[in-house]
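S.K.: Provided below: model-v2.txt, containing compact mmCIF, C-alpha atoms.
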# COMPACT_ATOMS: atom_id res chain seq x y z
CA MET A 82 10.10 -20.25 -21.17
CA LYS A 83 13.50 -20.50 -19.50
CA ARG A 84 14.01 -16.77 -19.91
CA ARG A 85 10.62 -16.07 -18.30
CA LEU A 86 11.44 -18.30 -15.33
CA LEU A 87 14.83 -16.63 -14.94
CA LEU A 88 13.17 -13.21 -14.89
CA ILE A 89 10.69 -14.42 -12.26
CA LEU A 90 13.53 -15.76 -10.12
CA ILE A 91 15.45 -12.47 -10.42
CA ALA A 92 12.31 -10.52 -9.53
CA LEU A 93 11.76 -12.68 -6.44
CA VAL A 94 15.36 -12.24 -5.28
CA PHE A 95 15.14 -8.48 -5.85
CA THR A 96 11.82 -8.25 -3.97
CA LEU A 97 13.18 -10.25 -1.03
CA THR A 98 16.31 -8.05 -0.87
CA ALA A 99 14.22 -4.86 -1.00
CA SER A 100 11.91 -6.21 1.71
CA ILE A 101 14.89 -7.00 3.95
CA LEU A 102 16.28 -3.47 3.57
CA ILE A 103 12.91 -1.83 4.20
CA SER A 104 12.24 -4.03 7.22
CA ILE A 105 15.61 -3.10 8.75
CA ALA A 106 15.08 0.61 8.09
CA VAL A 107 11.44 1.01 9.14
CA GLY A 108 10.13 0.97 12.69
CA SER A 109 9.49 3.13 15.72
CA ALA A 110 12.86 4.72 14.91
CA ASP A 111 13.40 5.05 11.14
CA ILE A 112 17.05 4.65 10.17
CA PRO A 113 18.44 5.67 6.73
CA LEU A 114 19.88 2.91 4.54
CA LYS A 115 23.23 4.72 4.41
CA THR A 116 23.47 4.59 8.20
CA ILE A 117 22.46 0.91 8.21
CA ALA A 118 25.25 0.07 5.74
CA LYS A 119 27.83 1.90 7.88
CA ILE A 120 26.66 0.13 11.04
CA ILE A 121 26.81 -3.34 9.48
CA ILE A 122 30.24 -2.77 7.92
CA ASN A 123 31.99 -0.73 10.63
CA HIS A 124 30.37 -1.66 13.95
CA ASN A 125 32.56 -2.58 16.90
CA HIS A 126 31.55 -5.24 19.39
CA VAL A 127 32.67 -3.36 22.51
CA SER A 128 30.36 -0.36 22.83
CA LEU A 129 27.23 -0.14 20.72
CA SER A 130 25.29 3.05 20.06
CA ALA A 131 21.50 3.09 20.27
CA GLU A 132 21.17 2.76 16.48
CA GLU A 133 23.63 -0.15 16.43
CA VAL A 134 21.65 -1.97 19.11
CA ILE A 135 18.43 -1.48 17.14
CA ILE A 136 19.94 -2.73 13.88
CA LEU A 137 22.29 -5.49 15.05
CA GLN A 138 20.50 -6.94 18.05
CA ILE A 139 16.81 -6.30 17.34
CA ARG A 140 15.95 -5.86 13.67
CA LEU A 141 18.55 -8.01 11.88
CA PRO A 142 17.86 -11.22 13.83
CA ARG A 143 14.12 -10.62 13.48
CA VAL A 144 14.48 -10.18 9.71
CA PHE A 145 16.54 -13.35 9.30
CA LEU A 146 14.18 -15.33 11.54
CA GLY A 147 11.15 -14.11 9.59
CA VAL A 148 12.69 -15.03 6.24
CA LEU A 149 13.70 -18.50 7.45
CA ILE A 150 10.25 -19.22 8.93
CA GLY A 151 8.47 -17.93 5.82
CA MET A 152 10.65 -20.15 3.63
CA ALA A 153 10.07 -23.18 5.85
CA LEU A 154 6.29 -22.82 5.92
CA SER A 155 6.06 -22.20 2.17
CA VAL A 156 8.24 -25.15 1.17
CA SER A 157 6.39 -27.42 3.60
CA GLY A 158 3.09 -26.20 2.18
CA THR A 159 4.26 -26.92 -1.36
CA THR A 160 5.25 -30.43 -0.31
CA MET A 161 1.95 -31.08 1.46
CA GLN A 162 0.01 -29.94 -1.58
CA ALA A 163 2.01 -32.38 -3.72
CA LEU A 164 1.49 -35.16 -1.18
CA PHE A 165 -2.26 -34.60 -0.99
CA LYS A 166 -2.53 -33.61 -4.67
CA ASN A 167 -4.66 -30.73 -3.49
CA PRO A 168 -3.91 -26.98 -3.40
CA MET A 169 -5.81 -26.74 -0.10
CA GLY A 170 -3.00 -28.58 1.69
CA ASP A 171 -0.72 -26.71 4.09
CA PRO A 172 1.88 -27.55 6.78
CA TYR A 173 -0.77 -27.71 9.50
CA ILE A 174 -3.21 -30.01 7.74
CA ILE A 175 -2.06 -33.14 9.59
CA GLY A 176 -2.18 -31.57 13.04
CA ILE A 177 1.42 -30.33 13.27
CA SER A 178 0.36 -26.89 14.47
CA SER A 179 -1.96 -28.37 17.09
CA GLY A 180 0.87 -30.61 18.33
CA ALA A 181 3.25 -27.66 18.54
CA ALA A 182 0.69 -25.55 20.39
CA PHE A 183 0.02 -28.39 22.83
CA GLY A 184 3.75 -28.79 23.54
CA ALA A 185 4.31 -25.05 23.94
CA VAL A 186 1.35 -24.54 26.29
CA LEU A 187 2.40 -27.57 28.33
CA ALA A 188 5.95 -26.18 28.65
CA MET A 189 4.63 -22.78 29.71
CA GLN A 190 3.18 -24.36 32.81
CA PHE A 191 6.73 -25.14 33.98
CA SER A 192 9.41 -23.10 32.19
CA TYR A 193 9.37 -20.79 29.18
CA THR A 194 12.86 -21.97 28.20
CA LEU A 195 11.35 -25.37 27.36
CA VAL A 196 8.79 -23.94 24.92
CA PRO A 197 10.76 -24.36 21.63
CA LEU A 198 11.95 -27.87 22.54
CA MET A 199 8.52 -29.10 23.62
CA ALA A 200 6.86 -27.53 20.58
CA VAL A 201 9.22 -29.42 18.26
CA ILE A 202 8.93 -32.73 20.14
CA CYS A 203 5.12 -32.64 20.28
CA ALA A 204 4.72 -31.47 16.66
CA ILE A 205 6.89 -34.29 15.32
CA SER A 206 5.26 -36.81 17.68
CA THR A 207 1.85 -35.72 16.36
CA ALA A 208 2.98 -36.38 12.79
CA PHE A 209 4.07 -39.91 13.74
CA VAL A 210 0.79 -40.60 15.56
CA VAL A 211 -1.20 -39.40 12.55
CA TYR A 212 0.95 -41.48 10.21
CA ASN A 213 0.41 -44.67 12.20
CA LEU A 214 -3.31 -44.04 12.61
CA ALA A 215 -3.63 -43.63 8.84
CA LYS A 216 -1.92 -46.94 8.01
CA VAL A 217 -4.18 -49.39 6.19
CA GLY A 218 -2.52 -52.70 5.36
CA GLY A 219 0.95 -51.18 5.27
CA LYS A 220 -0.16 -48.34 2.97
CA ILE A 221 -1.06 -44.72 3.71
CA PRO A 222 -4.17 -43.61 1.79
CA VAL A 223 -4.00 -39.83 1.39
CA ASN A 224 -7.63 -39.29 2.41
CA THR A 225 -7.13 -41.38 5.56
CA LEU A 226 -4.00 -39.42 6.40
CA LEU A 227 -5.90 -36.16 6.00
CA LEU A 228 -8.82 -37.28 8.17
CA SER A 229 -6.47 -38.68 10.84
CA GLY A 230 -4.65 -35.35 10.94
CA ILE A 231 -7.88 -33.42 11.35
CA ALA A 232 -9.09 -35.72 14.14
CA VAL A 233 -5.82 -35.63 16.09
CA GLY A 234 -5.55 -31.88 15.55
CA TYR A 235 -8.99 -31.25 17.03
CA PHE A 236 -8.25 -33.55 19.96
CA LEU A 237 -5.00 -31.73 20.80
CA SER A 238 -6.68 -28.34 20.32
CA ALA A 239 -9.30 -29.35 22.88
CA ILE A 240 -6.62 -30.32 25.43
CA THR A 241 -4.73 -27.10 24.70
CA SER A 242 -7.90 -25.04 25.25
CA PHE A 243 -8.46 -26.78 28.58
CA MET A 244 -4.87 -26.00 29.69
CA MET A 245 -5.38 -22.38 28.64
CA PHE A 246 -8.57 -22.25 30.70
CA LYS A 247 -6.61 -23.48 33.73
CA SER A 248 -3.46 -21.40 33.10
CA GLY A 249 -4.46 -18.32 35.10
CA GLU A 250 -1.89 -15.54 34.88
CA ASN A 251 -0.04 -17.28 32.02
CA LEU A 252 -3.02 -16.89 29.68
CA ASN A 253 -1.78 -13.71 27.97
CA GLN A 254 1.59 -15.24 27.06
CA ILE A 255 -0.08 -18.40 25.78
CA VAL A 256 -2.55 -16.47 23.61
CA PHE A 257 0.23 -14.33 22.11
CA TRP A 258 2.30 -17.43 21.30
CA ILE A 259 -0.62 -19.16 19.61
CA MET A 260 -1.35 -16.03 17.54
CA GLY A 261 2.21 -16.16 16.19
CA GLY A 262 4.89 -13.48 16.36
CA LEU A 263 8.58 -12.67 16.02
CA TRP A 264 8.89 -10.10 18.82
CA ASN A 265 11.32 -12.26 20.84
CA ALA A 266 13.66 -12.87 17.89
CA ASN A 267 17.38 -13.10 18.65
CA TRP A 268 20.54 -14.49 17.04
CA ASN A 269 20.41 -17.70 19.11
CA GLN A 270 17.05 -18.57 17.57
CA VAL A 271 18.44 -17.94 14.08
CA LYS A 272 21.41 -20.20 14.80
CA ILE A 273 19.14 -22.95 16.12
CA ILE A 274 16.81 -23.14 13.12
CA ILE A 275 18.98 -22.18 10.15
CA LEU A 276 20.60 -25.59 9.61
CA PRO A 277 17.50 -27.78 10.12
CA ILE A 278 15.46 -25.58 7.77
CA PHE A 279 18.05 -25.34 4.98
CA ILE A 280 18.95 -29.04 5.19
CA GLY A 281 15.25 -29.92 5.16
CA MET A 282 14.53 -27.69 2.16
CA LEU A 283 17.48 -29.18 0.28
CA ALA A 284 16.26 -32.70 1.10
CA LEU A 285 12.78 -31.88 -0.22
CA TYR A 286 14.27 -30.41 -3.39
CA ILE A 287 16.09 -33.69 -4.01
CA PHE A 288 12.65 -35.33 -4.22
CA SER A 289 11.20 -32.64 -6.51
CA ARG A 290 11.17 -34.94 -9.56
CA ASP A 291 9.38 -37.62 -7.55
CA MET A 292 6.78 -35.05 -6.48
CA ASN A 293 6.20 -34.23 -10.15
CA VAL A 294 5.57 -37.90 -10.90
CA MET A 295 3.24 -38.18 -7.88
CA LEU A 296 0.96 -35.61 -9.54
CA LEU A 297 0.22 -38.21 -12.24
CA GLY A 298 -1.29 -40.54 -9.61
CA GLU A 299 0.08 -43.22 -7.33
CA GLU A 300 -0.35 -46.07 -9.82
CA SER A 301 1.50 -44.17 -12.54
CA ALA A 302 4.28 -43.29 -10.08
CA GLU A 303 4.70 -46.94 -9.09
CA THR A 304 4.92 -48.06 -12.71
CA LEU A 305 7.73 -45.51 -13.16
CA GLY A 306 9.71 -47.12 -10.35
CA ILE A 307 8.85 -44.86 -7.40
CA ASP A 308 8.19 -46.45 -4.01
CA VAL A 309 5.15 -44.31 -3.28
CA GLU A 310 4.64 -45.34 0.35
CA THR A 311 8.29 -44.73 1.24
CA LEU A 312 8.16 -41.37 -0.54
CA LYS A 313 5.06 -40.36 1.44
CA LYS A 314 6.81 -41.24 4.69
CA ILE A 315 9.96 -39.29 3.76
CA LEU A 316 8.04 -36.19 2.63
CA LEU A 317 5.86 -36.29 5.73
CA ILE A 318 8.82 -36.59 8.12
CA ILE A 319 10.90 -33.84 6.49
CA SER A 320 7.96 -31.44 6.21
CA SER A 321 6.99 -32.08 9.83
CA ILE A 322 10.52 -31.37 11.07
CA ILE A 323 10.79 -28.15 9.05
CA THR A 324 7.37 -26.92 10.15
CA ALA A 325 7.91 -27.88 13.78
CA THR A 326 11.28 -26.10 13.81
CA ALA A 327 9.72 -22.92 12.42
CA VAL A 328 6.64 -23.02 14.65
CA SER A 329 8.74 -23.60 17.76
CA MET A 330 10.25 -20.12 17.35
CA SER A 331 7.29 -18.14 16.06
CA GLY A 332 4.11 -19.76 17.31
CA ILE A 333 1.25 -20.46 14.91
CA ILE A 334 1.44 -18.42 11.68
CA GLY A 335 -1.30 -19.42 9.29
CA PHE A 336 -1.93 -19.01 5.58
CA VAL A 337 1.72 -18.59 4.48
CA GLY A 338 2.10 -22.30 3.72
CA LEU A 339 -1.32 -22.35 2.06
CA ILE A 340 -1.33 -19.17 -0.02
CA VAL A 341 2.27 -18.92 -1.26
CA PRO A 342 2.49 -22.32 -3.03
CA HIS A 343 -0.91 -21.67 -4.60
CA ILE A 344 0.21 -18.29 -5.97
CA MET A 345 3.55 -19.57 -7.22
CA ARG A 346 1.92 -22.57 -8.92
CA ILE A 347 -0.16 -20.10 -10.93
CA VAL A 348 2.95 -18.03 -11.76
CA VAL A 349 5.57 -20.73 -12.55
CA GLY A 350 3.54 -23.90 -13.05
CA PRO A 351 3.47 -27.25 -11.21
CA ASP A 352 7.09 -28.34 -11.77
CA HIS A 353 8.46 -28.75 -8.23
CA ARG A 354 12.03 -28.25 -9.39
CA ILE A 355 11.01 -24.62 -9.95
CA LEU A 356 8.06 -24.37 -7.59
CA LEU A 357 10.01 -25.25 -4.42
CA PRO A 358 12.75 -22.58 -4.69
CA THR A 359 10.36 -19.86 -5.92
CA SER A 360 7.92 -20.65 -3.11
CA ALA A 361 10.78 -20.39 -0.60
CA LEU A 362 11.74 -16.92 -1.87
CA ALA A 363 8.13 -15.72 -2.03
CA GLY A 364 7.33 -17.15 1.42
CA GLY A 365 10.30 -15.43 3.04
CA THR A 366 9.29 -12.14 1.41
CA ILE A 367 5.61 -12.33 2.33
CA LEU A 368 6.21 -13.21 5.97
CA LEU A 369 8.82 -10.47 6.26
CA ILE A 370 6.41 -7.89 4.82
CA ALA A 371 3.66 -9.12 7.16
CA ASP A 372 5.97 -8.85 10.17
CA THR A 373 7.06 -5.33 9.16
CA ILE A 374 3.38 -4.32 9.02
CA ALA A 375 2.75 -6.00 12.40
CA ARG A 376 5.74 -4.24 13.95
CA THR A 377 4.85 -0.77 12.67
CA MET A 378 1.22 -1.17 13.79
CA GLY A 379 2.23 -1.58 17.42
CA GLU A 380 3.58 -5.14 17.65
CA ILE A 381 0.39 -6.96 16.81
CA PRO A 382 0.91 -10.72 16.25
CA VAL A 383 2.11 -11.43 12.71
CA GLY A 384 -0.28 -14.40 12.57
CA VAL A 385 -3.14 -11.89 12.73
CA VAL A 386 -1.72 -9.97 9.74
CA THR A 387 -1.21 -13.09 7.61
CA ALA A 388 -4.79 -14.18 8.37
CA LEU A 389 -6.27 -10.74 7.66
CA PHE A 390 -4.61 -10.52 4.25
CA GLY A 391 -4.37 -14.23 3.48
CA ALA A 392 -7.99 -15.27 3.94
CA PRO A 393 -9.59 -12.69 1.59
CA PHE A 394 -6.85 -13.21 -0.99
CA PHE A 395 -7.34 -16.97 -0.91
CA ILE A 396 -11.09 -16.51 -1.40
CA TYR A 397 -10.29 -14.35 -4.42
CA LEU A 398 -8.00 -17.05 -5.81
CA LEU A 399 -10.64 -19.71 -5.33
CA ARG A 400 -13.25 -17.65 -7.14
CA SER A 401 -10.98 -16.59 -10.00
CA ARG A 402 -9.36 -19.98 -10.54
CA LYS A 403 -11.60 -22.93 -9.74
CA SER A 404 -9.33 -25.66 -11.07
CA SER A 405 -7.09 -27.37 -8.49
CA TYR A 406 -3.83 -27.55 -10.49
Kindly present the structure from the file in structure tokens form.
M.R.:
Amino acid sequence: MKRRLLLILIALVFTLTASILISIAVGSADIPLKTIAKIIINHNHVSLSAEEVIILQIRLPRVFLGVLIGMALSVSGTTMQALFKNPMGDPYIIGISSGAAFGAVLAMQFSYTLVPLMAVICAISTAFVVYNLAKVGGKIPVNTLLLSGIAVGYFLSAITSFMMFKSGENLNQIVFWIMGGLWNANWNQVKIIILPIFIGMLALYIFSRDMNVMLLGEESAETLGIDVETLKKILLIISSIITATAVSMSGIIGFVGLIVPHIMRIVVGPDHRILLPTSALAGGTILLIADTIARTMGEIPVGVVTALFGAPFFIYLLRSRKSSY
């Protein structure tokens, strides 16, 4: 069993590495891997050639941003599915995406530089509103949390749609942001999100054993010494921060946080000590592949690609495997 898991981990690392290399090499101007290696090792910072600009300032930051966002969404999705004890859970199920979209569209009415900050603030604020609405006698029933998230999400989506209707000439930019994309990727964005995402993923991994116990049921978890309500709050806060950080840079990218944990649970099982890191690797790879396809097809939004491939594949999974865990 351990050998099988090790082989799966090696395969995931290899696939991610290959995807990174292909994504850097492929585009409107194909660049050989040998040239890419020379540019990365020997480039000078004073005068950059056209190929160096493409590799160092356009494709590399986009690749790193895509991997980080894919990892964040997948790990958050894995956590949400553990929290809700349901493989249909994803990072957006409690209205985080709707909160981020509301914040971004609101910021676009004033200044585009405020978009990431407002998306993060509103996404996290939405999570807190949903959490407090779901409280029943000091406890957070999972079904109530889910329904509160859906209700708040629809409410914010309605306000966002109204702002879009009134946005006039800003409508195109708003629609593209909501569809999700990495076309504006740069090194500053990578620097902004890399620490919050890695710290958040590490924090969630620390609670991986507790997530395993949660799968047995809340009563069983409490008898084993786990403060279930505190754990719910911690998982919700960390997942919201990770998702909000990712969404603030990319817009809404669906299905990654839903599909990847579901696939990896089938491959490696429900143990979150293994499921979290493998989902992170698979999520980074899948989003990177989707973005490479989006880029080579004429810069269509990557959220469109993930939906086009993700929805049919998820239907296939549901039909071929009808048990939840």
S.K.: Using only C-alpha atoms, can you tell me which of A:Thr160, A:Ser179, A:Thr207, A:Thr241 comes closest to A:Gly332?
M.R.: A:Ser179
S.K.: Rank nothing, just name the residue among A:Leu368, A:Ile374, A:Met345, A:Leu227 nearest to A:Leu90, using only C-alpha atoms.
M.R.: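 With only C-alpha atoms as the atom set, the closest residue is A:Met345.
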S.K.: Need the shell around A:Ile396: protein/DNA/RNA residues with any atom at most 12 Å away, counting only C-alpha atoms. Skip same-chain ones fewer than 6 positions apart. Format as a ChimeraX atom specification?
M.R.: /A:169,336,339-340,343,388-390,402-403
S.K.: For the atom pair atom CA of A:Val144 and atom CA of A:Leu102, what is the interatomic distance in Å to one decimal place?
M.R.: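 Going from atom CA of A:Val144 over to atom CA of A:Leu102 covers 9.3 Å.
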S.K.: Taking 5 positions as the minimum chain separation for residues in the same chain, which residues sit within 12 Å of A:Leu87 when counting only C-alpha atoms? Answer as an NGL selection string.
M.R.: :A and (82 or 92-94 or 349 or 355 or 359)
S.K.: So that I have them on file, write out the residues from the current selection with C-alpha atoms, as a PDB file, in the coordinates of the input.
M.R.:
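Generated output (selection-v3.pdb):
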ATOM      1  CA  MET A  82      10.100 -20.250 -21.170  1.00  0.00           C
ATOM      2  CA  ALA A  92      12.310 -10.520  -9.530  1.00  0.00           C
ATOM      3  CA  LEU A  93      11.760 -12.680  -6.440  1.00  0.00           C
ATOM      4  CA  VAL A  94      15.360 -12.240  -5.280  1.00  0.00           C
ATOM      5  CA  VAL A 349       5.570 -20.730 -12.550  1.00  0.00           C
ATOM      6  CA  ILE A 355      11.010 -24.620  -9.950  1.00  0.00           C
ATOM      7  CA  THR A 359      10.360 -19.860  -5.920  1.00  0.00           C
TER       8      THR A 359
END
S.K.: With the cut-off set at 12 Å and counting only C-alpha atoms, tabulate each residue of stretch 189-230 of chain A with an atom at most that distance from an atom of stretch 252-272 of chain A, showing the nearest atom pair and its distance in Å to one decimal, ordered by chain and increasing number, as JSON lines.
M.R.:
{"residue": "A:Met189", "atom": "CA", "partner": "A:Ile255", "partner_atom": "CA", "distance": 7.5}
{"residue": "A:Gln190", "atom": "CA", "partner": "A:Ile255", "partner_atom": "CA", "distance": 9.8}
{"residue": "A:Tyr193", "atom": "CA", "partner": "A:Gln254", "partner_atom": "CA", "distance": 9.8}
{"residue": "A:Thr194", "atom": "CA", "partner": "A:Gln270", "partner_atom": "CA", "distance": 11.9}
{"residue": "A:Val196", "atom": "CA", "partner": "A:Trp258", "partner_atom": "CA", "distance": 9.9}
{"residue": "A:Pro197", "atom": "CA", "partner": "A:Gln270", "partner_atom": "CA", "distance": 9.5}
{"residue": "A:Leu198", "atom": "CA", "partner": "A:Gln270", "partner_atom": "CA", "distance": 11.7}
{"residue": "A:Ala200", "atom": "CA", "partner": "A:Trp258", "partner_atom": "CA", "distance": 11.1}
S.K.: For a quick check of understanding, using only C-alpha atoms, which of A:Glu303, A:Asp352, A:Glu132, A:Glu310 has the smallest distance to A:Ser289?
M.R.: A:Asp352
S.K.: How many Å lie between atom CA of A:Pro168 and atom CA of A:Ile315, rounded to one decimal?
M.R.: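 So the two atoms, atom CA of A:Pro168 and atom CA of A:Ile315, lie 19.9 Å apart.
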S.K.: Quick one, how far is atom CA of A:Tyr286 from atom CA of A:Ala99?
M.R.: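 Value for the atom CA of A:Tyr286-atom CA of A:Ala99 distance: 25.7 Å.
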S.K.: How would you write as a list in words the residues that get within 8 Å of (11.8, -19.8, 10.5) in the file's frame, counting only C-alpha atoms?
M.R.: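 The requested residues, written out, are Leu146, Gly147, Val148, Leu149, Ile150, Gly151, Met152, Ala153, Leu154, Val271, Ile274, Ile275, Ile278, Thr326, Ala327, Val328, Met330 and Ser331 of chain A.
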S.K.: Go through A:Thr159, A:Gln138, A:Ser329, A:Asn251 one by one, measure the shortest atom-to-atom distance of each to A:Ser192 using only C-alpha atoms, and give the residue with the smallest value.
M.R.: A:Asn251
S.K.: Got a sec: who's within 8 Å of A:Ser100, counting all atoms listed in the file, leaving out chain neighbours fewer than 2 positions off, as an MDAnalysis selection string?
M.R.: chainID A and resid 96:98 102:104 366 369:370
S.K.: Pick out the closest residue to A:Ile177 from this set: A:Ala392, A:Ile323, A:Leu296, A:Met378. Count all atoms listed in the file.
M.R.: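 Closest to A:Ile177 of all the choices is A:Ile323.
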S.K.: So which residues touch stretch 305-307 of chain A within 9 Å, counting all atoms listed in the file, skipping near sequence neighbours fewer than 6 positions away, as an MDAnalysis selection string?
M.R.: chainID A and resid 291 294:295 299
S.K.: Can you write out the residues you just picked, keeping C-alpha atoms, as an mmCIF file, in the frame of the given file?
M.R.:
data_model
loop_
_atom_site.group_PDB
_atom_site.id
_atom_site.type_symbol
_atom_site.label_atom_id
_atom_site.label_comp_id
_atom_site.auth_asym_id
_atom_site.auth_seq_id
_atom_site.Cartn_x
_atom_site.Cartn_y
_atom_site.Cartn_z
ATOM 1 C CA ASP A 291 9.380 -37.620 -7.550
ATOM 2 C CA VAL A 294 5.570 -37.900 -10.900
ATOM 3 C CA MET A 295 3.240 -38.180 -7.880
ATOM 4 C CA GLU A 299 0.080 -43.220 -7.330
#
S.K.: How big is the axis-aligned box, and where does its centre sit, when it encloses all atoms of stretch 260-268 of chain A listed in the file and has 5 Å added on every side, reported in Å to one decimal as JSON?
M.R.:
{"center_x": 9.6, "center_y": -13.1, "center_z": 18.4, "size_x": 31.9, "size_y": 16.1, "size_z": 14.8}
S.K.: Neighbouring residues of A:Pro342 were defined as those with any atom within 10 Å, considering only C-alpha atoms; residues of the same chain fewer than 3 positions away were excluded. Please report them as an mmCIF file with C-alpha atoms, keeping the file's coordinate frame.
M.R.:
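Result file follows (selection_0.cif):
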data_model
loop_
_atom_site.group_PDB
_atom_site.id
_atom_site.type_symbol
_atom_site.label_atom_id
_atom_site.label_comp_id
_atom_site.auth_asym_id
_atom_site.auth_seq_id
_atom_site.Cartn_x
_atom_site.Cartn_y
_atom_site.Cartn_z
ATOM 1 C CA LEU A 154 6.290 -22.820 5.920
ATOM 2 C CA SER A 155 6.060 -22.200 2.170
ATOM 3 C CA VAL A 156 8.240 -25.150 1.170
ATOM 4 C CA SER A 157 6.390 -27.420 3.600
ATOM 5 C CA GLY A 158 3.090 -26.200 2.180
ATOM 6 C CA THR A 159 4.260 -26.920 -1.360
ATOM 7 C CA THR A 160 5.250 -30.430 -0.310
ATOM 8 C CA MET A 161 1.950 -31.080 1.460
ATOM 9 C CA GLN A 162 0.010 -29.940 -1.580
ATOM 10 C CA PRO A 168 -3.910 -26.980 -3.400
ATOM 11 C CA MET A 169 -5.810 -26.740 -0.100
ATOM 12 C CA GLY A 170 -3.000 -28.580 1.690
ATOM 13 C CA ASP A 171 -0.720 -26.710 4.090
ATOM 14 C CA VAL A 337 1.720 -18.590 4.480
ATOM 15 C CA GLY A 338 2.100 -22.300 3.720
ATOM 16 C CA LEU A 339 -1.320 -22.350 2.060
ATOM 17 C CA MET A 345 3.550 -19.570 -7.220
ATOM 18 C CA ARG A 346 1.920 -22.570 -8.920
ATOM 19 C CA ILE A 347 -0.160 -20.100 -10.930
ATOM 20 C CA VAL A 348 2.950 -18.030 -11.760
ATOM 21 C CA PRO A 351 3.470 -27.250 -11.210
ATOM 22 C CA LEU A 356 8.060 -24.370 -7.590
ATOM 23 C CA LEU A 357 10.010 -25.250 -4.420
ATOM 24 C CA THR A 359 10.360 -19.860 -5.920
ATOM 25 C CA SER A 360 7.920 -20.650 -3.110
ATOM 26 C CA ALA A 361 10.780 -20.390 -0.600
ATOM 27 C CA ALA A 363 8.130 -15.720 -2.030
ATOM 28 C CA GLY A 364 7.330 -17.150 1.420
#
